[in-house]
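J.: Before I ask anything, let me first share the structure, which is written out below as structure tokens.
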Amino acid sequence: MQLTLWTYEGPPHIGAMRIATSMRDLHYVLHAPQGDTYADLLFTMIERQDRRPPVTYTTFQARDLGGSTAELVKAAVAEAFERFRPAALLVGDSCTAELIQDQSGALAAGMQLPIPVVALELPAYSKKENWGAAETFYHLVRALLADQVPAPGSKRPPRDPARRPRANLLGPTVLGFRCRDDVTEIRRLLDALGIDVNVVAPLGASVDDLRRLPDADFNIDLYPEVSRTLTGWLNRSFGMPATRTIPMGVGATRDFIAEVAALAGVDPSPLLGGETPGAAGRSSSASRQPWYARSVDSTYLTGKRVFIFADATHAIAAARIAAEEMGFTVVGLGCYARDFARDVREAAARYGVEALISDDYLEVEKAIAAAAPELVLGTQMERHIAKRLGIACAVISSPIHVQDVPARYSPVYGFEGANVLFDSWVHPLVMGLEEHLLQMFRDDFEFNDAAPASHLPAVAAQTMAVAELGMSDADDGPAWTADGERELKKIPFFVRGKARRNTESYARSRGLSTITVETLYDAKAHFAR
Amino acid sequence: MSNLHDIPVATRSGCDERPVLRERGQREVFCGLTGIVWLHRKLQDAFFLVVGSRTCAHLIQSAAGVMIFAEPRFGTAILTDRDLAGMADANDELDRLCVTLLERRPEIRTLFLVGSCPSEVIKLDLARAAERLNARLLPQVRVLSYSGSGIETTFTQGEDAALRTFVPLMPHTDARQLMVVGCLPDIVEDQFRRQFEQLGIADVVFLPGRRAADVPAIGPNTDLLPAQPFNGDTVRALVARGARLLRAPYPFGAEGTTAWLQAAARAWGVSPAAFDAVTGPARARAETALARQRPLLAGRSLFMLPDSQLEPSLARFLHRELGMRLIEVGTPFLDRQMVSEELALLPDDIVLSEGQHLDRQLDRVRAARPDLTVCGLGLANPLEAEGLATKWSIELVFSPIHGYDQAGDLAELFARPFARRARLAV
Ligand code: SF4
Ligand code: SF4
């Protein structure tokens, strides 16, 4: 048993729903009690979907147990087929149905429907949402391609040089992070390289589209949490290689272009020709990000402490951007899914931090409070944590909320994605010039703690104060004398937490039990070295 | 027999002779766990621990909208493979987890263990667990248990099951008192308390109170006035303890509130003149507020999908006080004893339905093309996309809507979709 207050991921059948809802003509019969229908609102509210998820719930009740639940499955399958006429059907159990062991998938498969019926076995007591999505995607494609798998050992014929290379974009789903716009962005990149998109799946795909997957020359593993299981199988069975780079950030986008060009056997220079890593000026990249990061107003971003916690894909990519493209200091890196823990640990080692692998919201909150970052890059959950601690925050991955599905075009992949990320990470921070002015005029009555930067909401001041309290370790830390405390108050509020922390750790390292004005300035001198 | 093959039957039974369309099939209704979302806010010294699956945890957080920033007073003990395979003794695990939880939250006085579908199916005995924990934790903390599982309860029945757990704990009293049954927002509770006081009914207790630890007494001189129609089991358990049930419509709108207060006033021998003097001004205020919304709603047709069991009461209010035309009034469960006074006030030419077969019901919605459809959040945007105006039913459970001073707000909730449509020109 595991105590949970908030969960990062739903159960695995929610992952299956994401696959079904992403596609056009697939239906899912879910053996589940009535309350499980809550899942519909994730799609209709958070994503503002304009149709119901294509899911039929059997809605069994206590009085059906020990008798008619299996009949319910068959009736629901028959009725769903009649009413919705899907091109293929997924059938599976929710957590409760798993316990009563009706074998819903086998029951449905035995009904001789004229369409493919894919039985899903998604263990609800050990697995979670992303795994469920990956597993569903893989089993669905596998079932649809069963008769196309070439004999083992057969070689893939080389591409007819007369036709443009073709790629599949795999992994985008509803309730994923910015998938809709990322796909558009990646399409543009591929087009510029002369590569055609064969199929995008599951988002917007039909069952027939999935049957055409082997027509592509290679796969783009866009969201590995959902697509890696499938791309691995397509590689083993059809000899289709897949990309490994996630094109998030300018550097990674350049690497991605090089990787894709190599896989497709095309010249990357239409895109990479204009990229001059390390150069200043507006013309150094197709993205504005590198120049914006070099412009002088960005100086204040230097060394900002950032804590990153998300799904593995977005977390690892964000860490590279933070360190290499924003000039931040990564003070924490983690993800909520164990499946990708190894990749995250490797990345964390590069930034000299220990990876946090946990789906315990409280543990994450504790780690963030302890690291006292100036910016949190996280999920919907970290948005709450950051708000509570009074720290700036930007959301970079699922789980998301309704405000993370913006109306405007806002990818996070590709060159335009890098622009979007620059804006959305910088925006929550105190703007450079403004920070400067706050310093200069800190004795002016209008520039006091209660007057935060103009673009921040009015609540910021209060929460900042709360955060400062939260950061100091009242119990075992050295005590502040009254004049020390008074001097500390003169330091602008947005750096005061850092000053307090530094001074206390300095005092602790010297074995001092009280902090005076002198200690404060000794510490300042110490850290300035 | 299968649910889905059940042929809908129109039956006539009970005191009200009205036919009911009973349907069984796919439901689009939350399970009883959802009640935790408002119960935990009301009972400030209680913690609700669901013993269930990741689905249960996900349901509550989706229903609560992850809008609560503080550490919530609810959580889920998620069953894992180890518990199911018997590798870990689920009972020991649960005890350990409860003790850890209470150490973290020393201010908690009552811990509710809330059963779910998985805990019911594997027959994890939460009542026994509560006994076991009580032996260890009382008097510091009392542990209670109930089931909010979706195989046994729909949405608001969770509150009924939770309140029901207080009944055996209630001390006996012979004192004359009025007990209002059903969770109300504090502000509404205070308004009612003032009104009862002005009527000369001083001994009023509310179930639940603001703290779970304050359990009211009960006895033969207790009059019960239900404030929510979905607490039937609790009311019947209280009646079994000797209390007397006052029958009335529910306090929605000016008319409903008057009738509801009147039931108490009559039982307490308040003179009609005194009653009018006390309620007159508030009632007039409510009527003025309703008159403002009436032009937007009068003559418009309404279709209510089943959700909270408030449907018959709200339909009565919308029809009689705002002039809406009722097409179908659906309710997940029709507790005739609890809504007899409401049913008597509904017009004859409507469809009253109980239970749900979602797709068939949506077929009826599409055929009728009502001016307004009351439905859950999972259906609202899809119906809007079909050009149908909707009102989310969950708001009716989360907002203060009872009493004279909320009558206008309640009407406004239904008028807003029309007001909004009138503004938008895109
Ligand atoms: S219906 Fe059952 S399994 Fe589903 S959330 Fe409710 S209690 Fe949990
Ligand atoms: S804001 Fe979020 S939680 Fe609230 S109703 Fe909308 S989708 Fe649901």
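Chain lettering (A, B, ...) mirrors the order of the structure tokens, residue numbering begins at 1 for each chain separately, and ligand numbering begins at 1 in order of display.
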Compute the chain A side of the contact with chain B at 7 Å, counting only C-alpha atoms, and hand it back as a JSON list (two decimals) with all heavy atoms, in the first residue's frame.
T.:
```json
[["chain", "number", "residue", "atom", "x", "y", "z"],
["A", 1, "MET", "N", 0.84, -1.19, 0.00],
["A", 1, "MET", "CA", 0.00, 0.00, 0.00],
["A", 1, "MET", "C", 0.87, 1.24, 0.00],
["A", 1, "MET", "O", 1.89, 1.28, 0.66],
["A", 1, "MET", "CB", -0.86, 0.00, 1.27],
["A", 1, "MET", "CG", -2.32, -0.19, 0.99],
["A", 1, "MET", "SD", -3.21, -0.32, 2.54],
["A", 1, "MET", "CE", -3.86, -1.97, 2.39],
["A", 2, "GLN", "N", 0.42, 2.21, -0.75],
["A", 2, "GLN", "CA", 1.25, 3.40, -0.91],
["A", 2, "GLN", "C", 0.35, 4.62, -0.70],
["A", 2, "GLN", "O", -0.66, 4.78, -1.37],
["A", 2, "GLN", "CB", 1.82, 3.39, -2.32],
["A", 2, "GLN", "CG", 2.81, 4.48, -2.60],
["A", 2, "GLN", "CD", 2.98, 4.67, -4.11],
["A", 2, "GLN", "OE1", 2.47, 3.91, -4.92],
["A", 2, "GLN", "NE2", 3.68, 5.72, -4.47],
["A", 3, "LEU", "N", 0.73, 5.47, 0.25],
["A", 3, "LEU", "CA", -0.09, 6.66, 0.52],
["A", 3, "LEU", "C", 0.16, 7.71, -0.56],
["A", 3, "LEU", "O", 1.29, 8.07, -0.85],
["A", 3, "LEU", "CB", 0.27, 7.24, 1.89],
["A", 3, "LEU", "CG", -0.47, 8.53, 2.24],
["A", 3, "LEU", "CD1", -1.97, 8.29, 2.31],
["A", 3, "LEU", "CD2", 0.04, 9.12, 3.54],
["A", 4, "THR", "N", -0.92, 8.18, -1.15],
["A", 4, "THR", "CA", -0.80, 9.15, -2.23],
["A", 4, "THR", "C", -1.77, 10.29, -2.02],
["A", 4, "THR", "O", -2.94, 10.06, -1.77],
["A", 4, "THR", "CB", -1.16, 8.47, -3.57],
["A", 4, "THR", "OG1", -0.37, 7.31, -3.70],
["A", 4, "THR", "CG2", -0.91, 9.38, -4.74],
["A", 5, "LEU", "N", -1.28, 11.52, -2.11],
["A", 5, "LEU", "CA", -2.17, 12.66, -2.04],
["A", 5, "LEU", "C", -2.55, 13.13, -3.43],
["A", 5, "LEU", "O", -3.71, 13.30, -3.75],
["A", 5, "LEU", "CB", -1.52, 13.80, -1.25],
["A", 5, "LEU", "CG", -1.12, 13.44, 0.18],
["A", 5, "LEU", "CD1", -0.54, 14.65, 0.88],
["A", 5, "LEU", "CD2", -2.30, 12.91, 0.97],
["A", 6, "TRP", "N", -1.55, 13.33, -4.27],
["A", 6, "TRP", "CA", -1.81, 13.67, -5.66],
["A", 6, "TRP", "C", -1.01, 12.70, -6.51],
["A", 6, "TRP", "O", 0.10, 12.33, -6.14],
["A", 6, "TRP", "CB", -1.36, 15.10, -5.99],
["A", 6, "TRP", "CG", -1.95, 16.18, -5.15],
["A", 6, "TRP", "CD1", -1.27, 17.03, -4.33],
["A", 6, "TRP", "CD2", -3.33, 16.57, -5.07],
["A", 6, "TRP", "NE1", -2.15, 17.91, -3.75],
["A", 6, "TRP", "CE2", -3.41, 17.66, -4.19],
["A", 6, "TRP", "CE3", -4.50, 16.11, -5.67],
["A", 6, "TRP", "CZ2", -4.61, 18.28, -3.87],
["A", 6, "TRP", "CZ3", -5.69, 16.73, -5.35],
["A", 6, "TRP", "CH2", -5.74, 17.81, -4.47],
["A", 7, "THR", "N", -1.54, 12.31, -7.65],
["A", 7, "THR", "CA", -0.78, 11.39, -8.50],
["A", 7, "THR", "C", -0.35, 12.09, -9.79],
["A", 7, "THR", "O", -1.09, 12.88, -10.34],
["A", 7, "THR", "CB", -1.60, 10.14, -8.88],
["A", 7, "THR", "OG1", -2.58, 10.54, -9.84],
["A", 7, "THR", "CG2", -2.29, 9.54, -7.69],
["A", 10, "GLY", "N", -2.28, 8.74, -14.10],
["A", 10, "GLY", "CA", -3.46, 7.93, -13.83],
["A", 10, "GLY", "C", -3.11, 6.46, -13.99],
["A", 10, "GLY", "O", -1.95, 6.10, -14.23],
["A", 11, "PRO", "N", -4.12, 5.60, -13.84],
["A", 11, "PRO", "CA", -3.90, 4.17, -14.04],
["A", 11, "PRO", "C", -3.64, 3.88, -15.52],
["A", 11, "PRO", "O", -3.89, 4.74, -16.38],
["A", 11, "PRO", "CB", -5.22, 3.56, -13.59],
["A", 11, "PRO", "CG", -6.23, 4.65, -13.78],
["A", 11, "PRO", "CD", -5.51, 5.93, -13.51],
["A", 33, "PRO", "N", -16.52, 0.10, -13.42],
["A", 33, "PRO", "CA", -17.70, 0.62, -12.71],
["A", 33, "PRO", "C", -17.96, 2.08, -13.08],
["A", 33, "PRO", "O", -17.11, 2.74, -13.68],
["A", 33, "PRO", "CB", -17.32, 0.49, -11.24],
["A", 33, "PRO", "CG", -15.83, 0.46, -11.20],
["A", 33, "PRO", "CD", -15.36, -0.07, -12.53],
["A", 34, "GLN", "N", -19.13, 2.59, -12.68],
["A", 34, "GLN", "CA", -19.57, 3.90, -13.16],
["A", 34, "GLN", "C", -18.61, 5.05, -12.85],
["A", 34, "GLN", "O", -18.44, 5.94, -13.67],
["A", 34, "GLN", "CB", -20.94, 4.23, -12.58],
["A", 34, "GLN", "CG", -20.96, 4.35, -11.06],
["A", 34, "GLN", "CD", -22.35, 4.65, -10.51],
["A", 34, "GLN", "OE1", -23.15, 5.30, -11.14],
["A", 34, "GLN", "NE2", -22.63, 4.15, -9.33],
["A", 35, "GLY", "N", -18.00, 5.03, -11.66],
["A", 35, "GLY", "CA", -17.18, 6.17, -11.28],
["A", 35, "GLY", "C", -16.01, 6.39, -12.23],
["A", 35, "GLY", "O", -15.53, 7.51, -12.38],
["A", 37, "THR", "N", -15.96, 6.67, -15.21],
["A", 37, "THR", "CA", -16.28, 7.57, -16.32],
["A", 37, "THR", "C", -15.78, 8.99, -16.08],
["A", 37, "THR", "O", -15.83, 9.82, -16.98],
["A", 37, "THR", "CB", -17.80, 7.64, -16.56],
["A", 37, "THR", "OG1", -18.44, 8.08, -15.36],
["A", 37, "THR", "CG2", -18.37, 6.29, -16.96],
["A", 38, "TYR", "N", -15.29, 9.27, -14.87],
["A", 38, "TYR", "CA", -14.71, 10.59, -14.62],
["A", 38, "TYR", "C", -13.65, 10.92, -15.67],
["A", 38, "TYR", "O", -13.40, 12.08, -15.97],
["A", 38, "TYR", "CB", -14.07, 10.65, -13.21],
["A", 38, "TYR", "CG", -12.70, 10.00, -13.18],
["A", 38, "TYR", "CD1", -11.56, 10.74, -13.47],
["A", 38, "TYR", "CD2", -12.55, 8.65, -12.91],
["A", 38, "TYR", "CE1", -10.30, 10.15, -13.51],
["A", 38, "TYR", "CE2", -11.30, 8.04, -12.94],
["A", 38, "TYR", "CZ", -10.19, 8.79, -13.24],
["A", 38, "TYR", "OH", -8.96, 8.19, -13.29],
["A", 40, "ASP", "N", -13.54, 10.84, -18.71],
["A", 40, "ASP", "CA", -13.99, 11.61, -19.88],
["A", 40, "ASP", "C", -13.67, 13.09, -19.72],
["A", 40, "ASP", "O", -13.35, 13.77, -20.67],
["A", 40, "ASP", "CB", -15.50, 11.43, -20.10],
["A", 40, "ASP", "CG", -15.83, 10.05, -20.64],
["A", 40, "ASP", "OD1", -14.90, 9.25, -20.84],
["A", 40, "ASP", "OD2", -17.03, 9.78, -20.85],
["A", 41, "LEU", "N", -13.82, 13.59, -18.50],
["A", 41, "LEU", "CA", -13.69, 15.03, -18.34],
["A", 41, "LEU", "C", -12.24, 15.51, -18.50],
["A", 41, "LEU", "O", -11.99, 16.67, -18.80],
["A", 41, "LEU", "CB", -14.32, 15.52, -17.03],
["A", 41, "LEU", "CG", -13.64, 15.29, -15.69],
["A", 41, "LEU", "CD1", -12.63, 16.38, -15.37],
["A", 41, "LEU", "CD2", -14.71, 15.29, -14.60],
["A", 44, "THR", "N", -12.45, 16.22, -22.22],
["A", 44, "THR", "CA", -13.38, 17.26, -22.66],
["A", 44, "THR", "C", -13.11, 18.59, -21.98],
["A", 44, "THR", "O", -13.42, 19.63, -22.54],
["A", 44, "THR", "CB", -14.84, 16.86, -22.39],
["A", 44, "THR", "OG1", -15.02, 16.67, -20.99],
["A", 44, "THR", "CG2", -15.21, 15.58, -23.11],
["A", 45, "MET", "N", -12.51, 18.57, -20.80],
["A", 45, "MET", "CA", -12.25, 19.83, -20.11],
["A", 45, "MET", "C", -10.81, 20.31, -20.30],
["A", 45, "MET", "O", -10.58, 21.41, -20.75],
["A", 45, "MET", "CB", -12.57, 19.71, -18.62],
["A", 45, "MET", "CG", -14.02, 19.46, -18.33],
["A", 45, "MET", "SD", -15.16, 20.69, -19.03],
["A", 45, "MET", "CE", -14.78, 22.11, -18.01],
["A", 48, "ARG", "N", -10.28, 20.44, -23.92],
["A", 48, "ARG", "CA", -11.43, 21.04, -24.61],
["A", 48, "ARG", "C", -11.84, 20.25, -25.84],
["A", 48, "ARG", "O", -12.15, 20.83, -26.90],
["A", 48, "ARG", "CB", -11.15, 22.48, -25.01],
["A", 48, "ARG", "CG", -10.94, 23.45, -23.86],
["A", 48, "ARG", "CD", -10.79, 24.86, -24.42],
["A", 48, "ARG", "NE", -10.63, 25.88, -23.41],
["A", 48, "ARG", "CZ", -9.46, 26.22, -22.86],
["A", 48, "ARG", "NH1", -8.35, 25.61, -23.21],
["A", 48, "ARG", "NH2", -9.41, 27.18, -21.97],
["A", 49, "GLN", "N", -11.81, 18.93, -25.74],
["A", 49, "GLN", "CA", -12.24, 18.11, -26.87],
["A", 49, "GLN", "C", -13.71, 18.38, -27.16],
["A", 49, "GLN", "O", -14.51, 18.53, -26.24],
["A", 49, "GLN", "CB", -12.06, 16.64, -26.53],
["A", 49, "GLN", "CG", -10.61, 16.21, -26.44],
["A", 49, "GLN", "CD", -10.17, 15.52, -27.70],
["A", 49, "GLN", "OE1", -10.86, 14.67, -28.22],
["A", 49, "GLN", "NE2", -9.01, 15.90, -28.20],
["A", 50, "ASP", "N", -14.05, 18.39, -28.43],
["A", 50, "ASP", "CA", -15.44, 18.68, -28.77],
["A", 50, "ASP", "C", -16.26, 17.42, -29.03],
["A", 50, "ASP", "O", -17.35, 17.47, -29.56],
["A", 50, "ASP", "CB", -15.52, 19.65, -29.95],
["A", 50, "ASP", "CG", -14.90, 19.05, -31.21],
["A", 50, "ASP", "OD1", -14.39, 17.91, -31.13],
["A", 50, "ASP", "OD2", -14.93, 19.73, -32.25],
["A", 51, "ARG", "N", -15.69, 16.27, -28.69],
["A", 51, "ARG", "CA", -16.48, 15.04, -28.78],
["A", 51, "ARG", "C", -16.14, 14.18, -27.57],
["A", 51, "ARG", "O", -15.07, 14.34, -26.97],
["A", 51, "ARG", "CB", -16.19, 14.28, -30.08],
["A", 51, "ARG", "CG", -14.71, 14.02, -30.27],
["A", 51, "ARG", "CD", -14.41, 13.04, -31.39],
["A", 51, "ARG", "NE", -13.04, 12.54, -31.20],
["A", 51, "ARG", "CZ", -12.61, 11.38, -31.62],
["A", 51, "ARG", "NH1", -13.41, 10.55, -32.24],
["A", 51, "ARG", "NH2", -11.36, 11.00, -31.39],
["A", 52, "ARG", "N", -17.04, 13.28, -27.25],
["A", 52, "ARG", "CA", -16.76, 12.38, -26.13],
["A", 52, "ARG", "C", -15.61, 11.47, -26.50],
["A", 52, "ARG", "O", -15.49, 11.07, -27.65],
["A", 52, "ARG", "CB", -17.98, 11.49, -25.87],
["A", 52, "ARG", "CG", -19.02, 12.09, -24.97],
["A", 52, "ARG", "CD", -20.30, 11.29, -25.07],
["A", 52, "ARG", "NE", -20.12, 9.93, -24.60],
["A", 52, "ARG", "CZ", -20.85, 8.89, -25.04],
["A", 52, "ARG", "NH1", -21.78, 9.07, -25.94],
["A", 52, "ARG", "NH2", -20.66, 7.71, -24.55],
["A", 57, "TYR", "N", -18.14, 2.27, -21.38],
["A", 57, "TYR", "CA", -17.87, 1.65, -20.08],
["A", 57, "TYR", "C", -18.96, 0.63, -19.80],
["A", 57, "TYR", "O", -20.15, 0.94, -19.98],
["A", 57, "TYR", "CB", -17.88, 2.69, -18.97],
["A", 57, "TYR", "CG", -16.93, 3.86, -19.15],
["A", 57, "TYR", "CD1", -17.26, 4.93, -19.97],
["A", 57, "TYR", "CD2", -15.71, 3.90, -18.48],
["A", 57, "TYR", "CE1", -16.40, 6.01, -20.13],
["A", 57, "TYR", "CE2", -14.85, 4.98, -18.63],
["A", 57, "TYR", "CZ", -15.20, 6.03, -19.45],
["A", 57, "TYR", "OH", -14.35, 7.10, -19.59],
["A", 58, "THR", "N", -18.59, -0.53, -19.31],
["A", 58, "THR", "CA", -19.64, -1.52, -19.05],
["A", 58, "THR", "C", -20.49, -1.14, -17.84],
["A", 58, "THR", "O", -21.61, -1.56, -17.70],
["A", 58, "THR", "CB", -19.04, -2.92, -18.80],
["A", 58, "THR", "OG1", -18.15, -2.84, -17.67],
["A", 58, "THR", "CG2", -18.28, -3.41, -20.02],
["A", 59, "THR", "N", -19.93, -0.35, -16.94],
["A", 59, "THR", "CA", -20.66, 0.14, -15.76],
["A", 59, "THR", "C", -21.29, -1.00, -14.95],
["A", 59, "THR", "O", -22.49, -1.03, -14.73],
["A", 59, "THR", "CB", -21.75, 1.16, -16.16],
["A", 59, "THR", "OG1", -21.30, 2.00, -17.18],
["A", 59, "THR", "CG2", -22.11, 2.01, -14.96],
["A", 60, "PHE", "N", -20.47, -1.93, -14.51],
["A", 60, "PHE", "CA", -21.04, -3.00, -13.68],
["A", 60, "PHE", "C", -21.24, -2.53, -12.26],
["A", 60, "PHE", "O", -20.56, -1.61, -11.79],
["A", 60, "PHE", "CB", -20.20, -4.28, -13.74],
["A", 60, "PHE", "CG", -18.78, -4.12, -13.28],
["A", 60, "PHE", "CD1", -18.45, -4.26, -11.93],
["A", 60, "PHE", "CD2", -17.76, -3.86, -14.19],
["A", 60, "PHE", "CE1", -17.14, -4.13, -11.50],
["A", 60, "PHE", "CE2", -16.44, -3.72, -13.77],
["A", 60, "PHE", "CZ", -16.14, -3.86, -12.43],
["A", 61, "GLN", "N", -22.18, -3.14, -11.59],
["A", 61, "GLN", "CA", -22.51, -2.77, -10.21],
["A", 61, "GLN", "C", -22.33, -3.97, -9.30],
["A", 61, "GLN", "O", -22.16, -5.09, -9.76],
["A", 61, "GLN", "CB", -23.95, -2.25, -10.15],
["A", 61, "GLN", "CG", -24.15, -1.03, -11.02],
["A", 61, "GLN", "CD", -25.59, -0.56, -11.04],
["A", 61, "GLN", "OE1", -26.38, -0.93, -10.18],
["A", 61, "GLN", "NE2", -25.92, 0.25, -12.03],
["A", 62, "ALA", "N", -22.45, -3.72, -8.01],
["A", 62, "ALA", "CA", -22.23, -4.80, -7.03],
["A", 62, "ALA", "C", -23.17, -5.96, -7.31],
["A", 62, "ALA", "O", -22.79, -7.12, -7.24],
["A", 62, "ALA", "CB", -22.44, -4.26, -5.62],
["A", 68, "SER", "N", -23.40, -11.78, -13.80],
["A", 68, "SER", "CA", -23.63, -11.32, -15.16],
["A", 68, "SER", "C", -22.59, -10.36, -15.71],
["A", 68, "SER", "O", -22.80, -9.81, -16.77],
["A", 68, "SER", "CB", -25.00, -10.66, -15.20],
["A", 68, "SER", "OG", -25.06, -9.66, -14.22],
["A", 71, "GLU", "N", -21.48, -11.14, -19.21],
["A", 71, "GLU", "CA", -22.52, -10.83, -20.20],
["A", 71, "GLU", "C", -22.53, -9.35, -20.52],
["A", 71, "GLU", "O", -22.77, -8.94, -21.66],
["A", 71, "GLU", "CB", -23.90, -11.24, -19.66],
["A", 71, "GLU", "CG", -24.13, -12.74, -19.65],
["A", 71, "GLU", "CD", -23.87, -13.35, -21.02],
["A", 71, "GLU", "OE1", -24.42, -12.83, -22.01],
["A", 71, "GLU", "OE2", -23.08, -14.31, -21.10],
["A", 72, "LEU", "N", -22.27, -8.54, -19.49],
["A", 72, "LEU", "CA", -22.23, -7.10, -19.69],
["A", 72, "LEU", "C", -21.16, -6.72, -20.71],
["A", 72, "LEU", "O", -21.36, -5.83, -21.53],
["A", 72, "LEU", "CB", -21.88, -6.40, -18.37],
["A", 72, "LEU", "CG", -23.01, -6.06, -17.43],
["A", 72, "LEU", "CD1", -22.44, -5.44, -16.17],
["A", 72, "LEU", "CD2", -23.94, -5.08, -18.11],
["A", 75, "ALA", "N", -22.42, -7.57, -24.17],
["A", 75, "ALA", "CA", -23.47, -6.65, -24.59],
["A", 75, "ALA", "C", -22.88, -5.28, -24.95],
["A", 75, "ALA", "O", -23.25, -4.67, -25.96],
["A", 75, "ALA", "CB", -24.51, -6.51, -23.48],
["A", 95, "CYS", "N", -9.09, -1.23, -13.07],
["A", 95, "CYS", "CA", -8.53, -1.90, -11.89],
["A", 95, "CYS", "C", -9.51, -2.89, -11.24],
["A", 95, "CYS", "O", -9.13, -3.98, -10.84],
["A", 95, "CYS", "CB", -8.11, -0.84, -10.88],
["A", 95, "CYS", "SG", -9.42, 0.31, -10.44],
["A", 96, "THR", "N", -10.77, -2.49, -11.14],
["A", 96, "THR", "CA", -11.74, -3.36, -10.47],
["A", 96, "THR", "C", -12.06, -4.59, -11.32],
["A", 96, "THR", "O", -12.14, -5.71, -10.82],
["A", 96, "THR", "CB", -13.04, -2.59, -10.18],
["A", 96, "THR", "OG1", -12.72, -1.37, -9.54],
["A", 96, "THR", "CG2", -13.97, -3.40, -9.30],
["A", 125, "TYR", "N", -2.37, -2.59, -10.93],
["A", 125, "TYR", "CA", -1.82, -2.47, -9.58],
["A", 125, "TYR", "C", -0.30, -2.39, -9.58],
["A", 125, "TYR", "O", 0.33, -2.35, -8.54],
["A", 125, "TYR", "CB", -2.32, -3.62, -8.69],
["A", 125, "TYR", "CG", -3.82, -3.54, -8.55],
["A", 125, "TYR", "CD1", -4.65, -4.20, -9.45],
["A", 125, "TYR", "CD2", -4.40, -2.74, -7.57],
["A", 125, "TYR", "CE1", -6.03, -4.09, -9.35],
["A", 125, "TYR", "CE2", -5.77, -2.61, -7.47],
["A", 125, "TYR", "CZ", -6.58, -3.29, -8.37],
["A", 125, "TYR", "OH", -7.94, -3.16, -8.28],
["A", 126, "SER", "N", 0.29, -2.37, -10.79],
["A", 126, "SER", "CA", 1.74, -2.20, -10.82],
["A", 126, "SER", "C", 2.16, -1.19, -11.87],
["A", 126, "SER", "O", 3.25, -0.66, -11.81],
["A", 126, "SER", "CB", 2.42, -3.55, -11.09],
["A", 126, "SER", "OG", 1.89, -4.14, -12.26],
["A", 384, "HIS", "N", 1.75, 23.87, -8.48],
["A", 384, "HIS", "CA", 1.17, 24.05, -7.15],
["A", 384, "HIS", "C", 2.24, 24.18, -6.08],
["A", 384, "HIS", "O", 2.16, 25.02, -5.19],
["A", 384, "HIS", "CB", 0.26, 22.88, -6.80],
["A", 384, "HIS", "CG", -0.97, 22.85, -7.64],
["A", 384, "HIS", "ND1", -1.77, 23.94, -7.81],
["A", 384, "HIS", "CD2", -1.53, 21.87, -8.37],
["A", 384, "HIS", "CE1", -2.76, 23.64, -8.61],
["A", 384, "HIS", "NE2", -2.64, 22.39, -8.98],
["A", 388, "ARG", "N", 2.94, 27.49, -3.77],
["A", 388, "ARG", "CA", 2.95, 27.43, -2.32],
["A", 388, "ARG", "C", 4.23, 27.98, -1.74],
["A", 388, "ARG", "O", 4.23, 28.67, -0.72],
["A", 388, "ARG", "CB", 2.81, 25.97, -1.89],
["A", 388, "ARG", "CG", 1.81, 25.74, -0.80],
["A", 388, "ARG", "CD", 1.29, 24.33, -0.91],
["A", 388, "ARG", "NE", 2.05, 23.41, -0.10],
["A", 388, "ARG", "CZ", 1.86, 23.27, 1.20],
["A", 388, "ARG", "NH1", 0.98, 23.98, 1.83],
["A", 388, "ARG", "NH2", 2.57, 22.39, 1.88]]
```
J.: Which residues in segment 252-360 of chain B does DSSP call helix (DSSP H, G or I)? List them as a PyMOL selection string.
T.: chain B and resi 253-267+272-297+311-320+336-343+358-360
J.: Find the residues near Val339 of chain B: any atom within 10 Å, counting only C-alpha atoms, skip ones fewer than 6 places away on the same chain, and give them as a list of chain:residue names.
T.: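 Final neighbour list, sorted by chain and number: B:Gln228, B:Pro229, B:Phe230, B:Gly232, B:Arg247, B:Ala248, B:Pro249, B:Tyr250, B:Gln309, B:Leu310, B:Pro312, B:Ser313.
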J.: Quote the spacing between atom CA of Asp483 of chain A and atom CA of Gly511 of chain A in Å to one decimal place.
T.: 19.7 Å
J.: Which residue is closest to ligand 1? Choose from B:Thr110, B:Gly115, B:Asp349, B:Ala263 and count only C-alpha atoms and all ligand atoms.
T.: B:Gly115
J.: Just how far from atom CA of Ala227 of chain B is atom CA of Arg241 of chain B, in Å to one decimal?
T.: 19.0 Å
J.: If I take atom CA of Tyr351 of chain A and atom CA of Pro373 of chain A, how far is one from the other in Å, to one decimal?
T.: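 It comes out at 14.8 Å.
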J.: Counting only C-alpha atoms and all ligand atoms, figure out which residue out of B:Ile36, B:Cys183, B:Ile350, B:Ile218 gets nearest to ligand 1.
T.: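 Smallest distance to ligand 1 is found for B:Ile36.
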J.: Can you list, as a VMD selection string, every residue of segment 280-369 of chain B that DSSP puts in strand (DSSP E)?
T.: chain B and resid 301 to 304 325 to 331 351 to 356
